[in-house]
Amino acid sequence: MLKVIVIGSGNVAQHLIKAFKNSGKVELVQAYARNPGKLEHILSLEYITDSIQDLKEADVYIISVTDDAIDNVSKQLPFSNRLVVHTSGSTPLEKSDAKNRRGVFYPLQTFSKNKDVDFKEIPLCLEAEHPDDYNALEELAKSISPLTYSISSEQRQALHVAAVFVNNFTNHLYVLGSRVCDENNIPFDILKPLIHETADKIKTVSPINAQTGPAKRNDKTTIQRHLDFIKDPMQKDIYRLLTQSIQRTNG
């Protein structure tokens with residue numbers, strides 16, 4: 001049974017801690033948090049430390065902090081030649097301190113504080129400098145998810161960009177759509193069946209073939225009516241830019 005320590009107390013760290021606790025195949029030795037109170041609802045205080053110098057011995061140390069803090073935290077670790085991985089989607093493996101054996105344990109999912117996730121449905125993207133370390137990470141990953149992938153730092157950067165498009169930008173479009181509804185006294189709930197159908201369709205139809213709408217049809221009259229209706233300059237620019245992108249992609 002692999003011994004694991006999670007370093008961090010944010011959303012990703014908390015969800016990983018819960019997953020490892022529930023797996024039955026991993027020994028969660030300890031968690032580090034500058035503010036132990038952030039983890040008290042999921043771990044007993046005896047398993048939490050606020051001193052990085054007091055980290056216990058483990059097979060894998062998972063740094064789950066902000067991207068900008070990874071380098072600094074890895075340099076503060078009071079040991080060397082142990083397997084230390086981070087959970088960032090956009091930070092290269094090499095950004096961790098080289099005194100330890102470096103790796104990446106990146107869960108490709110959006111995490112919210114109060115929303116549970118099922119790790120069995122979350123892809124885990126793995127990278128390591130040494131084959132034996134990769135095997136250890138794969139064993140650890142499979143203890144909580146059947147979806148494991150060997151992804152290089154370069155591939156992970158591309159994957160993270162793609163994830164921003166399909167997740168963060170898409171959610172922002174929901175925000176803009178909800179504002180249009182609010183400004184015109186329309187309940188946003190009326191759009192939810194459309195949102196669900198669009199997301200569900202992608203399971204069986206390729207994105208390029210799933211595209212519909214006035215831009216795909218080159219319906220110039222409807223497009224112009226929409227542009228005339230939209231008053232916010234930035235929303236107008238976004239509508240125009242996305243319309244042009246759809247037309248070029250489907251041209």
# chains A, B, ... in the order shown; residues from 1 in each chain; ligands from 1

$ select_by_dssp --residues "range 14-99 of chain A" --states "strand (DSSP E)" --output "list in words"
Val26, Glu27, Leu28, Val29, Gln30, Ala31, Tyr32, Ile48, Thr49, Val60, Tyr61, Ile62, Ile63, Leu83, Val84, Val85 and His86 of chain A

$ closest_atom_pairs --of "range 67-117 of chain A" --to "range 166-184 of chain A" --cutoff "12 Å" --atoms "only C-alpha atoms" --output "Markdown table"
| residue | atom | partner | partner_atom | distance |
| --- | --- | --- | --- | --- |
| A:Leu108 | CA | A:Asn167 | CA | 10.8 |
| A:Gln109 | CA | A:Asn167 | CA | 9.1 |
| A:Thr110 | CA | A:Asn167 | CA | 8.0 |
| A:Phe111 | CA | A:Asn167 | CA | 11.5 |

$ select_by_dssp --residues "range 13-247 of chain A" --states "alpha helix (DSSP H)" --output "VMD selection string"
chain A and resid 13 to 23 70 to 76 131 to 142 153 to 163 170 to 183 192 to 201 207 to 210 214 to 217 220 to 229 233 to 247

$ residues_around --residues "range 222-224 of chain A" --least-positions-apart "4" --cutoff "12 Å" --atoms "only C-alpha atoms" --output "MDAnalysis selection string"
chainID A and resid 213:218 228:230 236 239:244 247

$ residues_around --residues "Ser44 in chain A" --least-positions-apart "2" --cutoff "12 Å" --atoms "only C-alpha atoms" --output "ChimeraX atom specification"
/A:17,21,28-31,36-42,46-49

$ write_last_selection --atoms "C-alpha atoms" --output "tab-separated table (two decimals), in the first residue's frame"
chain	number	residue	atom	x	y	z
A	17	ILE	CA	-7.45	13.78	0.27
A	21	LYS	CA	-9.10	8.26	2.24
A	28	LEU	CA	-2.74	8.86	3.60
A	29	VAL	CA	0.08	9.48	6.02
A	30	GLN	CA	-0.27	13.23	6.43
A	31	ALA	CA	-1.39	16.53	4.92
A	36	PRO	CA	-4.85	23.44	9.41
A	37	GLY	CA	-8.41	24.62	9.95
A	38	LYS	CA	-9.02	24.33	6.20
A	39	LEU	CA	-8.65	20.54	6.44
A	40	GLU	CA	-10.26	19.84	9.82
A	41	HIS	CA	-13.57	18.89	8.22
A	42	ILE	CA	-11.95	15.99	6.33
A	46	GLU	CA	-3.24	14.40	14.19
A	47	TYR	CA	-2.86	13.90	10.42
A	48	ILE	CA	-2.34	17.60	9.65
A	49	THR	CA	0.83	19.64	10.05

$ atom_distance --atom1 "CA of Asp133 in chain A" --atom2 "CA of Asp97 in chain A"
16.1 Å
